[in-house]
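Raw contents of model.csv, CSV, C-alpha atoms:
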chain,number,residue,atom,x,y,z
A,874,MET,CA,-5.4,-19.4,-13.6
A,875,LEU,CA,-4.8,-21.0,-10.2
A,876,ARG,CA,-7.7,-22.0,-8.1
A,877,VAL,CA,-6.6,-24.2,-5.2
A,878,ARG,CA,-8.8,-25.8,-2.6
A,879,CYS,CA,-6.2,-26.0,0.1
A,880,LEU,CA,-2.6,-25.0,0.9
A,881,ARG,CA,-0.8,-28.0,2.3
A,882,GLY,CA,2.3,-28.0,4.3
A,883,GLY,CA,5.4,-28.7,2.2
A,884,SER,CA,3.9,-27.4,-1.1
A,885,ARG,CA,5.9,-25.0,-3.2
A,886,GLY,CA,3.3,-22.3,-2.5
A,887,ALA,CA,3.6,-22.8,1.2
A,888,GLU,CA,7.4,-22.7,0.9
A,889,ALA,CA,7.1,-19.4,-1.0
A,890,ALA,CA,4.4,-17.9,1.1
A,891,HIS,CA,6.1,-18.6,4.5
A,892,TYR,CA,9.6,-17.7,3.4
A,893,ILE,CA,11.2,-15.5,6.1
A,894,GLY,CA,14.8,-14.3,5.7
A,895,SER,CA,16.9,-15.6,8.6
A,896,ARG,CA,18.8,-12.3,8.9
A,897,ALA,CA,15.7,-10.3,9.2
A,898,PHE,CA,14.3,-11.8,12.4
A,899,THR,CA,15.9,-11.7,15.8
A,900,GLY,CA,14.7,-12.2,19.4
A,901,TRP,CA,11.0,-12.2,20.2
A,902,VAL,CA,10.1,-11.3,16.6
A,903,GLN,CA,11.4,-14.6,15.3
A,904,ARG,CA,9.9,-16.6,18.1
A,905,THR,CA,6.5,-15.0,17.6
A,906,PHE,CA,6.4,-15.8,13.9
A,907,GLN,CA,7.6,-19.4,14.5
A,908,SER,CA,4.9,-19.9,17.1
A,909,THR,CA,2.3,-18.5,14.7
A,910,GLN,CA,3.4,-20.8,11.9
A,911,ALA,CA,3.6,-23.8,14.2
A,912,ALA,CA,0.0,-23.2,15.4
A,913,ALA,CA,-1.2,-22.9,11.8
A,914,ALA,CA,0.6,-26.1,10.7
A,915,SER,CA,-1.1,-28.1,13.5
A,916,GLN,CA,-4.5,-27.2,12.1
A,917,ASN,CA,-6.2,-28.7,9.1
A,918,THR,CA,-5.1,-26.1,6.6
A,919,CYS,CA,-7.8,-27.1,4.2
A,920,ALA,CA,-10.5,-26.1,6.7
A,921,ALA,CA,-10.5,-22.4,5.8
A,922,ASP,CA,-11.0,-23.2,2.1
A,923,ASP,CA,-13.6,-25.9,2.6
A,924,LYS,CA,-15.9,-24.0,4.7
A,925,ALA,CA,-18.3,-21.4,3.2
A,926,ALA,CA,-17.0,-17.8,3.3
A,927,SER,CA,-18.6,-15.7,6.0
A,928,PRO,CA,-21.8,-14.3,4.5
A,929,VAL,CA,-21.7,-10.7,3.6
A,930,PRO,CA,-24.9,-8.8,4.7
A,931,LYS,CA,-27.3,-8.4,1.8
A,932,ASP,CA,-27.2,-4.6,1.8
A,933,CYS,CA,-23.5,-4.3,2.7
A,934,LEU,CA,-21.7,-1.9,0.4
A,935,VAL,CA,-18.2,-3.3,1.2
A,936,CYS,CA,-16.9,-6.5,-0.4
A,937,SER,CA,-13.5,-6.8,-2.0
A,938,TYR,CA,-11.0,-9.8,-2.0
A,939,ASN,CA,-8.4,-8.9,-4.6
A,940,GLU,CA,-7.0,-6.3,-6.9
A,941,TRP,CA,-8.8,-7.3,-10.2
A,942,ASP,CA,-12.4,-8.4,-9.8
A,943,PRO,CA,-14.9,-6.0,-11.5
A,944,LEU,CA,-14.7,-2.7,-9.7
A,945,GLU,CA,-18.1,-1.3,-8.6
A,946,GLU,CA,-17.3,1.3,-5.9
A,947,VAL,CA,-14.1,3.2,-5.0
A,948,ILE,CA,-12.8,5.9,-2.7
A,949,VAL,CA,-10.6,8.5,-4.5
A,950,GLY,CA,-8.4,10.8,-2.5
A,951,ARG,CA,-8.3,14.6,-2.4
A,952,ALA,CA,-5.3,16.8,-3.2
A,953,GLU,CA,-7.0,19.9,-1.8
A,954,ASN,CA,-5.2,21.5,1.2
A,955,SER,CA,-2.3,19.1,0.9
A,956,CYS,CA,0.7,20.1,3.1
A,957,VAL,CA,4.4,19.3,3.0
A,958,PRO,CA,5.1,17.2,6.1
A,959,PRO,CA,7.7,18.5,8.6
A,960,PHE,CA,11.2,17.2,8.0
A,961,SER,CA,11.3,14.7,10.8
A,962,VAL,CA,13.5,11.6,10.9
A,963,GLU,CA,10.9,9.3,9.4
A,964,VAL,CA,10.2,11.7,6.5
A,965,LYS,CA,14.0,12.0,5.8
A,966,ALA,CA,14.3,8.2,5.7
A,967,ASN,CA,11.6,7.9,3.1
A,968,THR,CA,12.6,10.8,0.7
A,969,TYR,CA,15.5,11.3,-1.5
A,970,GLU,CA,18.3,13.8,-0.6
A,971,LYS,CA,17.7,16.0,-3.6
A,972,TYR,CA,14.3,17.0,-2.0
A,973,TRP,CA,15.5,17.4,1.6
A,974,GLY,CA,15.9,21.2,1.1
A,975,PHE,CA,12.3,21.3,-0.1
A,976,TYR,CA,11.1,19.7,3.1
A,977,GLN,CA,13.3,21.8,5.3
A,978,LYS,CA,12.0,25.0,3.7
A,979,PHE,CA,8.3,24.2,3.2
A,980,GLY,CA,7.5,21.6,5.9
A,981,GLY,CA,4.2,22.5,7.5
A,982,GLN,CA,3.1,24.6,4.6
A,983,GLY,CA,1.0,23.9,1.5
A,984,PHE,CA,2.5,22.3,-1.6
A,985,PRO,CA,3.1,24.8,-4.4
A,986,LYS,CA,-0.3,26.3,-5.4
A,987,ASP,CA,0.0,26.0,-9.1
A,988,HIS,CA,1.2,22.4,-9.0
A,989,LEU,CA,-1.6,21.5,-6.5
A,990,LYS,CA,-4.2,23.2,-8.7
A,991,LYS,CA,-3.2,21.0,-11.6
A,992,ALA,CA,-3.2,17.9,-9.4
A,993,VAL,CA,-6.7,18.6,-8.2
A,994,ALA,CA,-7.9,19.0,-11.8
A,995,GLU,CA,-6.3,15.7,-12.8
A,996,ILE,CA,-8.0,13.8,-10.0
A,997,GLU,CA,-11.3,15.3,-10.8
A,998,GLU,CA,-10.9,14.1,-14.4
A,999,MET,CA,-9.9,10.7,-13.1
A,1000,CYS,CA,-13.1,10.6,-11.0
A,1001,ASN,CA,-15.2,11.5,-14.1
A,1002,ILE,CA,-13.6,8.8,-16.1
A,1003,LEU,CA,-14.2,6.2,-13.4
A,1004,LYS,CA,-17.9,7.2,-13.3
A,1005,GLY,CA,-18.0,6.9,-17.1
A,1006,GLU,CA,-16.7,3.3,-16.7
A,1007,GLY,CA,-19.6,2.5,-14.4
A,1008,VAL,CA,-17.8,2.9,-11.1
A,1009,ILE,CA,-19.4,4.6,-8.0
A,1010,VAL,CA,-16.9,7.2,-6.7
A,1011,LYS,CA,-16.7,8.5,-3.1
A,1012,ARG,CA,-14.4,11.2,-1.7
A,1013,PRO,CA,-13.0,11.9,1.7
A,1014,ASP,CA,-13.9,15.2,3.5
A,1015,PRO,CA,-11.7,18.3,2.9
A,1016,ILE,CA,-9.7,19.2,6.0
A,1017,ASP,CA,-7.3,22.0,6.8
A,1018,TRP,CA,-4.0,20.0,7.1
A,1019,SER,CA,-2.0,23.0,8.2
A,1020,VAL,CA,-3.4,23.0,11.7
A,1021,LYS,CA,-0.8,22.2,14.3
A,1022,TYR,CA,-1.5,19.4,16.8
A,1023,LYS,CA,0.2,18.0,19.8
A,1024,THR,CA,0.1,14.7,21.7
A,1025,PRO,CA,2.0,13.8,24.9
A,1026,ASP,CA,4.7,12.4,22.7
A,1027,PHE,CA,5.1,14.7,19.7
A,1028,GLU,CA,3.7,17.7,17.8
A,1029,SER,CA,3.2,18.1,14.0
A,1030,THR,CA,1.1,19.5,11.3
A,1031,GLY,CA,-1.0,17.2,9.0
A,1032,MET,CA,-0.4,16.1,5.4
A,1033,TYR,CA,-3.3,15.1,3.2
A,1034,ALA,CA,-6.1,12.7,2.4
A,1035,ALA,CA,-4.8,12.0,-1.1
A,1036,MET,CA,-3.9,8.3,-0.8
A,1037,PRO,CA,-6.7,6.2,0.7
A,1038,ARG,CA,-4.7,3.1,-0.2
A,1039,ASP,CA,-2.2,4.1,2.5
A,1040,ILE,CA,-4.6,4.2,5.3
A,1041,LEU,CA,-7.5,1.8,4.4
A,1042,LEU,CA,-7.3,-1.9,3.6
A,1043,VAL,CA,-10.5,-3.7,2.6
A,1044,VAL,CA,-10.5,-7.5,3.2
A,1045,GLY,CA,-13.9,-9.0,2.3
A,1046,ASN,CA,-16.5,-6.9,4.0
A,1047,GLU,CA,-14.1,-5.5,6.6
A,1048,ILE,CA,-12.5,-2.0,6.4
A,1049,ILE,CA,-9.2,-1.9,8.4
A,1050,GLU,CA,-7.8,1.5,9.3
A,1051,ALA,CA,-4.0,1.3,9.3
A,1052,PRO,CA,-2.1,2.9,12.3
A,1053,MET,CA,0.4,4.6,9.9
A,1054,ALA,CA,4.0,5.5,10.7
A,1055,TRP,CA,4.4,9.2,9.9
A,1056,ARG,CA,3.6,11.7,12.6
A,1057,ALA,CA,2.2,14.0,9.9
A,1058,ARG,CA,-0.4,11.4,9.1
A,1059,PHE,CA,-1.6,10.7,12.7
A,1060,PHE,CA,-5.0,12.2,12.2
A,1061,GLU,CA,-5.5,11.4,8.6
A,1062,TYR,CA,-8.3,9.0,9.5
A,1063,ARG,CA,-10.6,11.9,10.2
A,1064,ALA,CA,-11.1,12.6,6.5
A,1065,TYR,CA,-12.6,9.1,6.0
A,1066,ARG,CA,-14.7,8.7,9.1
A,1067,ARG,CA,-18.0,9.9,7.5
A,1068,LEU,CA,-17.6,7.4,4.7
A,1069,ILE,CA,-16.6,4.6,7.0
A,1070,LYS,CA,-19.6,5.2,9.2
A,1071,GLU,CA,-21.8,4.9,6.2
A,1072,TYR,CA,-20.2,1.6,5.2
A,1073,PHE,CA,-20.5,0.4,8.8
A,1074,ASN,CA,-24.2,1.2,8.9
A,1075,SER,CA,-24.6,-0.8,5.7
A,1076,GLY,CA,-23.3,-3.9,7.4
A,1077,ALA,CA,-19.5,-3.6,6.9
A,1078,LYS,CA,-17.0,-4.6,9.6
A,1079,TRP,CA,-14.9,-1.7,10.9
A,1080,THR,CA,-11.6,-2.3,12.6
A,1081,THR,CA,-9.0,0.2,13.7
A,1082,ALA,CA,-5.5,-1.2,14.3
A,1083,PRO,CA,-3.8,-0.1,17.6
A,1084,LYS,CA,-3.0,3.5,17.3
A,1085,PRO,CA,0.8,4.0,17.9
A,1086,THR,CA,2.0,6.7,20.3
A,1087,MET,CA,4.6,7.6,17.8
A,1088,ALA,CA,6.9,8.3,20.6
A,1089,ASP,CA,10.6,8.8,19.9
A,1090,GLU,CA,11.2,5.1,20.6
A,1091,LEU,CA,9.3,4.1,17.5
A,1092,TYR,CA,12.1,5.7,15.3
A,1093,ASP,CA,15.8,5.2,15.1
A,1094,GLN,CA,16.7,8.8,15.8
A,1095,ASN,CA,20.2,8.3,14.6
A,1096,TYR,CA,19.2,6.5,11.4
A,1097,PRO,CA,22.5,7.0,9.4
A,1098,ILE,CA,21.2,7.9,6.0
A,1099,HIS,CA,23.2,10.5,4.0
A,1100,SER,CA,23.3,9.1,0.5
A,1101,VAL,CA,22.0,6.5,-2.0
A,1102,GLU,CA,24.9,4.3,-1.0
A,1103,ASP,CA,23.7,4.5,2.7
A,1104,ARG,CA,20.2,3.4,1.6
A,1105,HIS,CA,21.5,0.3,-0.2
A,1106,LYS,CA,23.7,-0.7,2.7
A,1107,LEU,CA,21.0,-0.3,5.3
A,1108,ALA,CA,18.4,-2.0,3.2
A,1109,ALA,CA,20.8,-5.0,2.7
A,1110,GLN,CA,21.3,-5.2,6.4
A,1111,GLY,CA,17.5,-5.2,7.0
A,1112,LYS,CA,17.7,-1.9,9.0
A,1113,PHE,CA,14.8,0.6,8.9
A,1114,VAL,CA,14.0,3.9,10.5
A,1115,THR,CA,11.0,2.4,12.3
A,1116,THR,CA,11.8,0.1,15.3
A,1117,GLU,CA,9.7,-2.7,17.0
A,1118,PHE,CA,8.7,-0.4,19.8
A,1119,GLU,CA,5.0,-0.8,18.9
A,1120,PRO,CA,3.0,-2.0,15.9
A,1121,CYS,CA,2.9,0.3,12.9
A,1122,PHE,CA,2.0,-0.3,9.2
A,1123,ASP,CA,0.7,1.5,6.2
A,1124,ALA,CA,-2.1,-0.4,4.4
A,1125,ALA,CA,-0.2,0.1,1.1
A,1126,ASP,CA,2.5,-2.3,2.1
A,1127,PHE,CA,-0.1,-5.1,1.7
A,1128,ILE,CA,-1.4,-6.5,-1.6
A,1129,ARG,CA,-4.3,-8.9,-1.8
A,1130,ALA,CA,-4.8,-12.1,-3.8
A,1131,GLY,CA,-7.9,-13.7,-2.2
A,1132,ARG,CA,-7.0,-15.8,0.8
A,1133,ASP,CA,-3.3,-14.9,0.4
A,1134,ILE,CA,-2.2,-11.4,1.3
A,1135,PHE,CA,1.5,-10.4,0.7
A,1136,VAL,CA,3.3,-7.8,2.7
A,1137,GLN,CA,6.8,-6.3,3.0
A,1138,ARG,CA,8.7,-5.0,6.0
A,1139,SER,CA,9.4,-1.4,5.1
A,1140,GLN,CA,10.3,2.0,6.5
A,1141,VAL,CA,6.7,2.4,7.6
A,1142,THR,CA,5.6,-1.2,8.3
A,1143,ASN,CA,7.3,-3.1,11.1
A,1144,TYR,CA,7.2,-6.8,12.1
A,1145,MET,CA,4.9,-6.1,15.0
A,1146,GLY,CA,2.4,-4.5,12.6
A,1147,ILE,CA,2.6,-7.5,10.3
A,1148,GLU,CA,2.1,-9.9,13.1
A,1149,TRP,CA,-0.9,-7.9,14.3
A,1150,MET,CA,-2.4,-8.3,10.9
A,1151,ARG,CA,-1.5,-12.0,10.7
A,1152,ARG,CA,-3.3,-12.8,13.9
A,1153,HIS,CA,-6.2,-10.5,13.2
A,1154,LEU,CA,-7.0,-12.1,9.8
A,1155,ALA,CA,-6.2,-15.7,10.7
A,1156,PRO,CA,-7.4,-18.4,9.9
A,1157,ASP,CA,-9.4,-17.2,6.9
A,1158,TYR,CA,-6.5,-15.3,5.4
A,1159,ARG,CA,-2.8,-16.0,5.2
A,1160,VAL,CA,-0.4,-13.1,5.5
A,1161,HIS,CA,3.0,-13.8,3.9
A,1162,ILE,CA,6.2,-11.7,4.0
A,1163,ILE,CA,8.1,-11.1,0.8
A,1164,SER,CA,11.1,-8.9,0.4
A,1165,PHE,CA,12.9,-7.0,-2.4
A,1166,LYS,CA,16.3,-5.5,-3.3
A,1167,ASP,CA,15.0,-2.0,-2.6
A,1168,PRO,CA,17.1,0.8,-1.1
A,1169,ASN,CA,14.0,2.5,0.2
A,1170,PRO,CA,11.1,0.1,0.8
A,1171,MET,CA,7.8,2.0,1.4
A,1172,HIS,CA,4.5,0.7,-0.1
A,1173,ILE,CA,4.5,-2.5,-2.2
A,1174,ASP,CA,2.4,-1.5,-5.1
A,1175,ALA,CA,5.1,0.2,-7.2
A,1176,THR,CA,7.4,-2.8,-6.6
A,1177,PHE,CA,5.1,-5.8,-6.8
A,1178,ASN,CA,1.6,-5.2,-8.1
A,1179,ILE,CA,-0.7,-8.3,-8.5
A,1180,ILE,CA,-3.0,-7.5,-11.5
A,1181,GLY,CA,-4.8,-10.8,-12.0
A,1182,PRO,CA,-5.2,-14.4,-10.8
A,1183,GLY,CA,-1.6,-15.7,-10.9
A,1184,LEU,CA,-0.4,-12.6,-12.7
A,1185,VAL,CA,2.0,-10.0,-11.2
A,1186,LEU,CA,4.0,-7.0,-12.3
A,1187,SER,CA,7.5,-7.2,-10.7
A,1188,ASN,CA,9.7,-4.2,-10.7
A,1189,PRO,CA,13.0,-5.0,-12.6
A,1190,ASP,CA,14.9,-2.5,-10.5
A,1191,ARG,CA,13.7,-4.0,-7.2
A,1192,PRO,CA,13.7,-7.8,-7.8
A,1193,CYS,CA,11.8,-9.9,-5.4
A,1194,HIS,CA,14.0,-12.3,-3.4
A,1195,GLN,CA,11.3,-15.0,-3.6
A,1196,ILE,CA,10.3,-14.6,-7.2
A,1197,GLU,CA,11.5,-18.0,-8.4
A,1198,LEU,CA,9.1,-19.6,-5.9
A,1199,PHE,CA,6.3,-17.7,-7.4
A,1200,LYS,CA,7.3,-18.8,-10.9
A,1201,LYS,CA,7.6,-22.5,-9.8
A,1202,ALA,CA,4.1,-22.2,-8.3
A,1203,GLY,CA,2.8,-21.3,-11.8
A,1204,TRP,CA,2.5,-17.6,-11.6
A,1205,THR,CA,3.2,-15.4,-14.6
A,1206,VAL,CA,5.7,-12.7,-13.7
A,1207,ILE,CA,5.9,-9.7,-15.9
A,1208,GLN,CA,8.6,-7.0,-15.7
A,1209,PRO,CA,7.1,-3.6,-16.8
A,1210,PRO,CA,9.0,-1.4,-19.1
A,1211,VAL,CA,11.2,1.5,-17.9
A,1212,PRO,CA,9.0,4.5,-17.0
A,1213,LEU,CA,8.9,7.5,-19.4
A,1214,ILE,CA,8.4,10.3,-16.8
A,1215,PRO,CA,11.0,13.0,-17.3
A,1216,ASP,CA,13.9,13.4,-14.9
A,1217,ASP,CA,13.0,17.0,-14.2
A,1218,HIS,CA,9.4,16.3,-13.1
A,1219,PRO,CA,9.1,16.7,-9.3
A,1220,LEU,CA,8.5,13.5,-7.4
A,1221,TRP,CA,8.7,14.7,-3.8
A,1222,MET,CA,7.7,11.4,-2.2
A,1223,SER,CA,7.9,8.7,-4.9
A,1224,SER,CA,9.9,7.2,-7.8
A,1225,LYS,CA,9.3,7.0,-11.5
A,1226,TRP,CA,8.0,3.5,-11.0
A,1227,LEU,CA,4.5,4.9,-10.3
A,1228,SER,CA,4.1,3.9,-13.9
A,1229,MET,CA,3.3,0.4,-12.7
A,1230,ASN,CA,1.1,1.6,-9.9
A,1231,VAL,CA,-2.1,0.9,-11.9
A,1232,LEU,CA,-5.7,0.3,-11.0
A,1233,MET,CA,-7.4,-2.7,-12.5
A,1234,LEU,CA,-11.1,-2.1,-13.3
A,1235,ASP,CA,-11.4,-5.8,-14.0
A,1236,GLU,CA,-9.2,-8.5,-15.5
A,1237,LYS,CA,-9.5,-7.0,-19.0
A,1238,ARG,CA,-9.4,-3.2,-18.2
A,1239,VAL,CA,-6.7,-1.2,-16.5
A,1240,MET,CA,-6.4,2.5,-15.6
A,1241,VAL,CA,-2.9,3.7,-16.7
A,1242,ASP,CA,-1.0,6.9,-17.1
A,1243,ALA,CA,-1.8,8.5,-20.5
A,1244,ASN,CA,1.9,9.5,-20.9
A,1245,GLU,CA,3.3,6.0,-20.3
A,1246,THR,CA,2.9,4.6,-23.8
A,1247,SER,CA,5.4,1.7,-23.2
A,1248,ILE,CA,3.4,0.2,-20.4
A,1249,GLN,CA,0.2,0.7,-22.4
A,1250,LYS,CA,1.6,-1.4,-25.2
A,1251,MET,CA,2.6,-4.1,-22.6
A,1252,PHE,CA,-1.0,-4.3,-21.3
A,1253,GLU,CA,-2.4,-4.4,-24.8
A,1254,LYS,CA,-0.2,-7.4,-25.7
A,1255,LEU,CA,-1.7,-9.1,-22.6
A,1256,GLY,CA,-5.2,-8.5,-24.0
A,1257,ILE,CA,-5.9,-5.8,-21.3
A,1258,ALA,CA,-7.6,-2.6,-22.6
A,1259,THR,CA,-6.1,0.6,-21.2
A,1260,VAL,CA,-8.1,3.5,-19.8
A,1261,LYS,CA,-5.7,6.4,-20.1
A,1262,VAL,CA,-5.7,9.3,-17.6
A,1263,ASN,CA,-3.0,11.9,-17.1
A,1264,ILE,CA,-2.1,12.3,-13.4
A,1265,ARG,CA,1.5,13.5,-13.6
A,1266,HIS,CA,1.0,16.4,-11.2
A,1267,ALA,CA,-0.9,14.1,-8.8
A,1268,ASN,CA,2.1,11.7,-9.0
A,1269,SER,CA,4.2,14.4,-7.4
A,1270,LEU,CA,2.3,14.0,-4.2
A,1271,GLY,CA,3.4,10.4,-3.8
A,1272,GLY,CA,1.1,8.1,-5.7
A,1273,GLY,CA,-0.2,6.5,-8.8
A,1274,PHE,CA,-3.7,5.2,-9.6
A,1275,HIS,CA,-3.5,2.4,-7.0
A,1276,CYS,CA,-2.4,4.8,-4.3
A,1277,TRP,CA,-5.0,7.4,-5.1
A,1278,THR,CA,-7.8,4.9,-4.7
A,1279,CYS,CA,-9.2,2.3,-2.3
A,1280,ASP,CA,-11.6,-0.2,-3.9
A,1281,ILE,CA,-14.6,-0.6,-1.6
A,1282,ARG,CA,-16.6,-3.1,-3.7
A,1283,ARG,CA,-15.5,-5.6,-6.4
A,1284,ARG,CA,-17.9,-8.1,-7.9
A,1285,GLY,CA,-16.4,-11.5,-6.9
A,1286,THR,CA,-16.0,-14.2,-4.3
A,1287,LEU,CA,-13.3,-15.3,-1.9
A,1288,GLN,CA,-10.9,-17.7,-3.7
A,1289,SER,CA,-7.5,-19.3,-3.3
A,1290,TYR,CA,-5.1,-18.4,-6.1
A,1291,PHE,CA,-1.7,-19.5,-4.7
A,1292,ASP,CA,-0.5,-23.1,-4.6
The structure given in the file should be rewritten as structure tokens.
Amino acid sequence: MLRVRCLRGGSRGAEAAHYIGSRAFTGWVQRTFQSTQAAAASQNTCAADDKAASPVPKDCLVCSYNEWDPLEEVIVGRAENSCVPPFSVEVKANTYEKYWGFYQKFGGQGFPKDHLKKAVAEIEEMCNILKGEGVIVKRPDPIDWSVKYKTPDFESTGMYAAMPRDILLVVGNEIIEAPMAWRARFFEYRAYRRLIKEYFNSGAKWTTAPKPTMADELYDQNYPIHSVEDRHKLAAQGKFVTTEFEPCFDAADFIRAGRDIFVQRSQVTNYMGIEWMRRHLAPDYRVHIISFKDPNPMHIDATFNIIGPGLVLSNPDRPCHQIELFKKAGWTVIQPPVPLIPDDHPLWMSSKWLSMNVLMLDEKRVMVDANETSIQKMFEKLGIATVKVNIRHANSLGGGFHCWTCDIRRRGTLQSYFD
């Protein structure tokens, strides 16, 4: 287990953490990141670690620094009233062509009722199991997502409040509302406002990132995606459907490990959004970009899921370009087994690799799909007990256990785990 007092310039960890692909940055984006790094390098980088962490108010309900400390309170999403998003350019870029007809036909309407009913039942059972494990469970408010809305820049219907991990990022005692990148998710924050006000009144910090206009300029309207081959080619070139017109990011593109937070540039998270987070969280936290061989990057937690101090699940189909630097820094990197989900099971907004999208209840307990026996055996070999839950129909809506939850409170303190 790595517990490091300071991150010094020139260390292997710093090299890994601040790796930025030269092809990925051009113009002001590169200059901004270089300026930020230079400013950080000119400071005493040990200062953040040597000073006491900002005290959390005694009655504050919010406190979480990583993905594995003992879970005490969590928000679990709702499948109720979920709607298929309209088939706009950003949705097309994030979904696979075999489902494009589904979006074209049902965009703006509810997901199939029978399927949705089963998903609701699965998530209710998941909530009951979490409560049985001693975790306090909170739920967002039910909302009619089929209502049409219009801004000066676009019009759409809504989607759902199923994936709190996508919109909320908890860093210490702060809740950050992500600006999101899909027009169908513009008003998703409304389902969580009652809860966030409760947490705010208990002493939590509450931040909303700049709300994007989601004007046409935020998207490459001619994004040339027609096949899997196109996806691989565009990903290799570092081209995405979102532009740098304004900051945007989904919270699920960030994964926390104490003072170090890792993020990927994806179809829904741009460099401006990453830079906003870097400046907002500095100097107490360090935001590091990592990248993957991924034809459709969107949300990091089914590609690179940190499950313990110095312990990470790394998707073998989407190798991390910086993984050797993690290994040299002392991290244990585990490749999860091939998922067992059948080919004919509908996954409208995700891949089979939701099998590795697990929720750590603590370092020795993990919530995992009851059908994924291979990954269960993997965890058991690691000495981690599995809490098995079936959420196959809930998977179809685009997420696994990590996606369907946002941990509000974990029993632990702010540490440095990356050298």
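Between Leu1042 in chain A and the residues A:Asp1017, A:Glu1006, A:Asp1126, A:Asp1216, the shortest atom-to-atom distance, using all atoms listed in the file, involves A:Asp1126.
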With 9 Å as the threshold, what does the neighbourhood of (8.5, -3.1, -18.3) contain in terms of residues, counting all atoms listed in the file? Coordinates are those of the file; answer as a PDB file with C-alpha atoms, in the frame of the given file.
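Printed below is result.pdb as written:
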ATOM      1  CA  LEU A1186       4.000  -7.000 -12.300  1.00  0.00           C
ATOM      2  CA  SER A1187       7.500  -7.200 -10.700  1.00  0.00           C
ATOM      3  CA  ASN A1188       9.700  -4.200 -10.700  1.00  0.00           C
ATOM      4  CA  PRO A1189      13.000  -5.000 -12.600  1.00  0.00           C
ATOM      5  CA  ILE A1207       5.900  -9.700 -15.900  1.00  0.00           C
ATOM      6  CA  GLN A1208       8.600  -7.000 -15.700  1.00  0.00           C
ATOM      7  CA  PRO A1209       7.100  -3.600 -16.800  1.00  0.00           C
ATOM      8  CA  PRO A1210       9.000  -1.400 -19.100  1.00  0.00           C
ATOM      9  CA  VAL A1211      11.200   1.500 -17.900  1.00  0.00           C
ATOM     10  CA  PRO A1212       9.000   4.500 -17.000  1.00  0.00           C
ATOM     11  CA  MET A1229       3.300   0.400 -12.700  1.00  0.00           C
ATOM     12  CA  SER A1247       5.400   1.700 -23.200  1.00  0.00           C
ATOM     13  CA  ILE A1248       3.400   0.200 -20.400  1.00  0.00           C
ATOM     14  CA  MET A1251       2.600  -4.100 -22.600  1.00  0.00           C
TER      15      MET A1251
END
field: Proximity to Asn1074 in chain A - best of A:Leu1232, A:Ala1258, A:Cys933, A:Met1222, all atoms listed in the file
entry: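 For Asn1074 in chain A, the nearest of the given residues is A:Cys933.
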task: Between A:His1266, A:His1194, A:Arg1104, A:Arg1283, single out the one closest to Glu945 in chain A, counting only C-alpha atoms.
output: A:Arg1283
- request: Would you mind reading off the distance between CA of Val957 in chain A and CA of Tyr976 in chain A, one decimal, in Å?
  value: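 Going from CA of Val957 in chain A over to CA of Tyr976 in chain A, I get 6.7 Å.
Near Asp932 in chain A, within a cut-off of 12 Å and counting all atoms listed in the file, sit the residues A:Pro928, A:Cys936, A:Asn1046, A:Glu1071, A:Tyr1072, A:Phe1073, A:Asn1074, A:Ser1075, A:Gly1076, A:Ala1077, with same-chain residues fewer than 4 positions away left out.
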